[in-house]
Amino acid sequence: MPDELMPGELISGEFIGRVTGVIAKVQHIPPESVTIDSTFEELKIDSLDGINILFAIESEFDVDIPDDAARHIRSVREMIEGVEKLLAAKAKKSAEDQSQDGQSEKAKSE
């Protein structure tokens, strides 16, 4: 599994490349044909393709894309922005959990 990205790093060329690479792989199209400004319609991505892409993106980034959010994704940019938000929320929750764990351990030792 690739390393997770932290919120400040997300909209980097590497992050965009990872998302567009997943889309290209699932669609069996050249990676250079998928850009941040591509729409799913331009890439001939139908609803079944979209589901397969969502599963691949969830696996690549270890996130769960809510069904209601998934229904509204119509472009590569929307996919990238959605994954960025999910990763930022995940990183924030992880940091909060670690902070709470540290406070619990401190309370136990007192």
# chains A, B, ... in the order shown; residues from 1 in each chain; ligands from 1
$ residues_around --residues "Glu32 in chain A" --least-positions-apart "2" --cutoff "10 Å" --atoms "only C-alpha atoms" --output "list of chain:residue names"
A:Gly17, A:Thr20, A:Gly21, A:Ala24, A:Ile29, A:Pro30, A:Val34, A:Thr35
$ write_last_selection --atoms "N, CA and C atoms" --output "compact mmCIF listing (two decimals), in the first residue's frame"
# COMPACT_ATOMS: atom_id res chain seq x y z
N GLY A 17 -1.48 12.52 -10.19
CA GLY A 17 -1.02 11.38 -10.99
C GLY A 17 -1.51 10.05 -10.47
N THR A 20 -5.34 9.97 -11.43
CA THR A 20 -5.53 9.79 -12.87
C THR A 20 -4.99 8.44 -13.32
N GLY A 21 -3.94 7.96 -12.67
CA GLY A 21 -3.39 6.65 -13.00
C GLY A 21 -4.35 5.52 -12.69
N ALA A 24 -7.07 5.66 -15.36
CA ALA A 24 -6.56 5.14 -16.64
C ALA A 24 -6.43 3.62 -16.60
N ILE A 29 -7.06 2.89 -20.57
CA ILE A 29 -6.76 3.97 -21.51
C ILE A 29 -5.40 4.55 -21.14
N PRO A 30 -4.75 5.24 -22.09
CA PRO A 30 -3.43 5.82 -21.79
C PRO A 30 -3.51 6.84 -20.66
N VAL A 34 -5.97 11.10 -19.43
CA VAL A 34 -6.77 11.48 -18.27
C VAL A 34 -6.11 12.70 -17.62
N THR A 35 -6.82 13.82 -17.63
CA THR A 35 -6.31 15.04 -16.99
C THR A 35 -7.25 15.46 -15.88
$ closest_residue --among "A:Ile51, A:Asp37, A:Leu86, A:Gly13" --to "Ala70 in chain A" --atoms "only C-alpha atoms"
A:Ile51
$ closest_residue --among "A:Ser94, A:His28, A:Gln100, A:Ile80" --to "Ile57 in chain A" --atoms "only C-alpha atoms"
A:Ile80
$ closest_residue --among "A:Glu42, A:Ile36, A:Lys90, A:Asp62" --to "Ile16 in chain A" --atoms "only C-alpha atoms"
A:Ile36
$ closest_residue --among "A:Pro31, A:Ser38, A:Leu54, A:Val63" --to "Ala91 in chain A" --atoms "only C-alpha atoms"
A:Val63
$ select_by_dssp --residues "range 22-94 of chain A" --states "alpha helix (DSSP H)" --output "JSON list (two decimals) with N, CA and C atoms, in the first residue's frame"
[["chain", "number", "residue", "atom", "x", "y", "z"],
["A", 22, "VAL", "N", -5.05, 5.63, -11.56],
["A", 22, "VAL", "CA", -6.05, 4.62, -11.21],
["A", 22, "VAL", "C", -7.17, 4.62, -12.24],
["A", 23, "ILE", "N", -7.63, 5.81, -12.60],
["A", 23, "ILE", "CA", -8.71, 5.92, -13.58],
["A", 23, "ILE", "C", -8.27, 5.31, -14.91],
["A", 24, "ALA", "N", -7.07, 5.66, -15.36],
["A", 24, "ALA", "CA", -6.56, 5.14, -16.64],
["A", 24, "ALA", "C", -6.43, 3.62, -16.60],
["A", 25, "LYS", "N", -5.95, 3.10, -15.49],
["A", 25, "LYS", "CA", -5.77, 1.64, -15.37],
["A", 25, "LYS", "C", -7.12, 0.92, -15.43],
["A", 26, "VAL", "N", -8.09, 1.42, -14.67],
["A", 26, "VAL", "CA", -9.41, 0.79, -14.64],
["A", 26, "VAL", "C", -10.08, 0.87, -16.01],
["A", 27, "GLN", "N", -9.90, 1.99, -16.69],
["A", 27, "GLN", "CA", -10.53, 2.20, -17.99],
["A", 27, "GLN", "C", -9.73, 1.62, -19.16],
["A", 47, "SER", "N", -21.86, 4.39, -15.62],
["A", 47, "SER", "CA", -22.09, 4.18, -14.19],
["A", 47, "SER", "C", -21.36, 2.94, -13.66],
["A", 48, "LEU", "N", -21.31, 1.87, -14.43],
["A", 48, "LEU", "CA", -20.59, 0.67, -13.99],
["A", 48, "LEU", "C", -19.08, 0.95, -13.91],
["A", 49, "ASP", "N", -18.55, 1.65, -14.92],
["A", 49, "ASP", "CA", -17.14, 2.04, -14.87],
["A", 49, "ASP", "C", -16.87, 2.90, -13.64],
["A", 50, "GLY", "N", -17.81, 3.80, -13.36],
["A", 50, "GLY", "CA", -17.66, 4.68, -12.20],
["A", 50, "GLY", "C", -17.57, 3.90, -10.90],
["A", 51, "ILE", "N", -18.38, 2.87, -10.77],
["A", 51, "ILE", "CA", -18.33, 2.02, -9.57],
["A", 51, "ILE", "C", -16.98, 1.33, -9.47],
["A", 52, "ASN", "N", -16.49, 0.80, -10.57],
["A", 52, "ASN", "CA", -15.18, 0.14, -10.57],
["A", 52, "ASN", "C", -14.06, 1.12, -10.21],
["A", 53, "ILE", "N", -14.16, 2.35, -10.72],
["A", 53, "ILE", "CA", -13.16, 3.38, -10.40],
["A", 53, "ILE", "C", -13.23, 3.71, -8.90],
["A", 54, "LEU", "N", -14.44, 3.85, -8.36],
["A", 54, "LEU", "CA", -14.58, 4.15, -6.93],
["A", 54, "LEU", "C", -13.93, 3.07, -6.08],
["A", 55, "PHE", "N", -14.18, 1.80, -6.41],
["A", 55, "PHE", "CA", -13.56, 0.71, -5.65],
["A", 55, "PHE", "C", -12.03, 0.79, -5.73],
["A", 56, "ALA", "N", -11.52, 1.07, -6.91],
["A", 56, "ALA", "CA", -10.06, 1.16, -7.09],
["A", 56, "ALA", "C", -9.48, 2.35, -6.32],
["A", 57, "ILE", "N", -10.18, 3.48, -6.34],
["A", 57, "ILE", "CA", -9.72, 4.67, -5.60],
["A", 57, "ILE", "C", -9.76, 4.39, -4.09],
["A", 58, "GLU", "N", -10.84, 3.76, -3.63],
["A", 58, "GLU", "CA", -10.93, 3.43, -2.20],
["A", 58, "GLU", "C", -9.78, 2.53, -1.78],
["A", 59, "SER", "N", -9.45, 1.58, -2.62],
["A", 59, "SER", "CA", -8.35, 0.66, -2.32],
["A", 59, "SER", "C", -7.00, 1.39, -2.35],
["A", 60, "GLU", "N", -6.78, 2.21, -3.36],
["A", 60, "GLU", "CA", -5.51, 2.94, -3.50],
["A", 60, "GLU", "C", -5.23, 3.85, -2.32],
["A", 61, "PHE", "N", -6.26, 4.54, -1.83],
["A", 61, "PHE", "CA", -6.08, 5.55, -0.79],
["A", 61, "PHE", "C", -6.60, 5.12, 0.58],
["A", 67, "ASP", "N", -21.79, 6.66, -0.56],
["A", 67, "ASP", "CA", -22.61, 6.49, -1.76],
["A", 67, "ASP", "C", -23.21, 7.81, -2.24],
["A", 68, "ASP", "N", -23.70, 8.64, -1.31],
["A", 68, "ASP", "CA", -24.32, 9.89, -1.74],
["A", 68, "ASP", "C", -23.31, 10.82, -2.40],
["A", 69, "ALA", "N", -22.08, 10.82, -1.93],
["A", 69, "ALA", "CA", -21.04, 11.64, -2.55],
["A", 69, "ALA", "C", -20.65, 11.06, -3.90],
["A", 70, "ALA", "N", -20.58, 9.74, -3.98],
["A", 70, "ALA", "CA", -20.17, 9.08, -5.22],
["A", 70, "ALA", "C", -21.13, 9.39, -6.37],
["A", 76, "VAL", "N", -12.85, 14.19, -13.16],
["A", 76, "VAL", "CA", -11.61, 13.83, -12.46],
["A", 76, "VAL", "C", -11.35, 14.83, -11.33],
["A", 77, "ARG", "N", -11.57, 16.11, -11.59],
["A", 77, "ARG", "CA", -11.35, 17.14, -10.56],
["A", 77, "ARG", "C", -12.23, 16.86, -9.33],
["A", 78, "GLU", "N", -13.51, 16.53, -9.55],
["A", 78, "GLU", "CA", -14.40, 16.24, -8.42],
["A", 78, "GLU", "C", -13.91, 15.01, -7.65],
["A", 79, "MET", "N", -13.40, 14.02, -8.35],
["A", 79, "MET", "CA", -12.86, 12.83, -7.70],
["A", 79, "MET", "C", -11.65, 13.21, -6.84],
["A", 80, "ILE", "N", -10.75, 13.99, -7.41],
["A", 80, "ILE", "CA", -9.54, 14.40, -6.69],
["A", 80, "ILE", "C", -9.92, 15.21, -5.45],
["A", 81, "GLU", "N", -10.81, 16.18, -5.60],
["A", 81, "GLU", "CA", -11.21, 17.01, -4.47],
["A", 81, "GLU", "C", -11.92, 16.19, -3.40],
["A", 82, "GLY", "N", -12.74, 15.22, -3.82],
["A", 82, "GLY", "CA", -13.43, 14.37, -2.86],
["A", 82, "GLY", "C", -12.47, 13.50, -2.06],
["A", 83, "VAL", "N", -11.51, 12.92, -2.75],
["A", 83, "VAL", "CA", -10.52, 12.07, -2.07],
["A", 83, "VAL", "C", -9.67, 12.93, -1.13],
["A", 84, "GLU", "N", -9.34, 14.15, -1.57],
["A", 84, "GLU", "CA", -8.57, 15.05, -0.71],
["A", 84, "GLU", "C", -9.31, 15.32, 0.59],
["A", 85, "LYS", "N", -10.61, 15.60, 0.51],
["A", 85, "LYS", "CA", -11.40, 15.87, 1.71],
["A", 85, "LYS", "C", -11.45, 14.65, 2.62],
["A", 86, "LEU", "N", -11.63, 13.47, 2.03],
["A", 86, "LEU", "CA", -11.68, 12.25, 2.83],
["A", 86, "LEU", "C", -10.35, 11.99, 3.53],
["A", 87, "LEU", "N", -9.25, 12.20, 2.83],
["A", 87, "LEU", "CA", -7.93, 11.97, 3.45],
["A", 87, "LEU", "C", -7.65, 13.00, 4.54],
["A", 88, "ALA", "N", -8.08, 14.25, 4.32],
["A", 88, "ALA", "CA", -7.88, 15.28, 5.34],
["A", 88, "ALA", "C", -8.69, 14.94, 6.60],
["A", 89, "ALA", "N", -9.94, 14.50, 6.40],
["A", 89, "ALA", "CA", -10.78, 14.13, 7.54],
["A", 89, "ALA", "C", -10.18, 12.93, 8.27],
["A", 90, "LYS", "N", -9.67, 11.97, 7.50],
["A", 90, "LYS", "CA", -9.06, 10.78, 8.09],
["A", 90, "LYS", "C", -7.82, 11.15, 8.90],
["A", 91, "ALA", "N", -6.99, 12.04, 8.36],
["A", 91, "ALA", "CA", -5.79, 12.47, 9.07],
["A", 91, "ALA", "C", -6.15, 13.23, 10.35],
["A", 92, "LYS", "N", -7.18, 14.06, 10.28],
["A", 92, "LYS", "CA", -7.61, 14.82, 11.45],
["A", 92, "LYS", "C", -8.13, 13.87, 12.53],
["A", 93, "LYS", "N", -8.94, 12.90, 12.13],
["A", 93, "LYS", "CA", -9.48, 11.93, 13.09],
["A", 93, "LYS", "C", -8.35, 11.12, 13.72],
["A", 94, "SER", "N", -7.39, 10.72, 12.92],
["A", 94, "SER", "CA", -6.26, 9.95, 13.43],
["A", 94, "SER", "C", -5.48, 10.77, 14.46]]
$ closest_residue --among "A:Thr39, A:Ser12, A:Ser33, A:Gln98" --to "Arg74 in chain A" --atoms "only C-alpha atoms"
A:Thr39
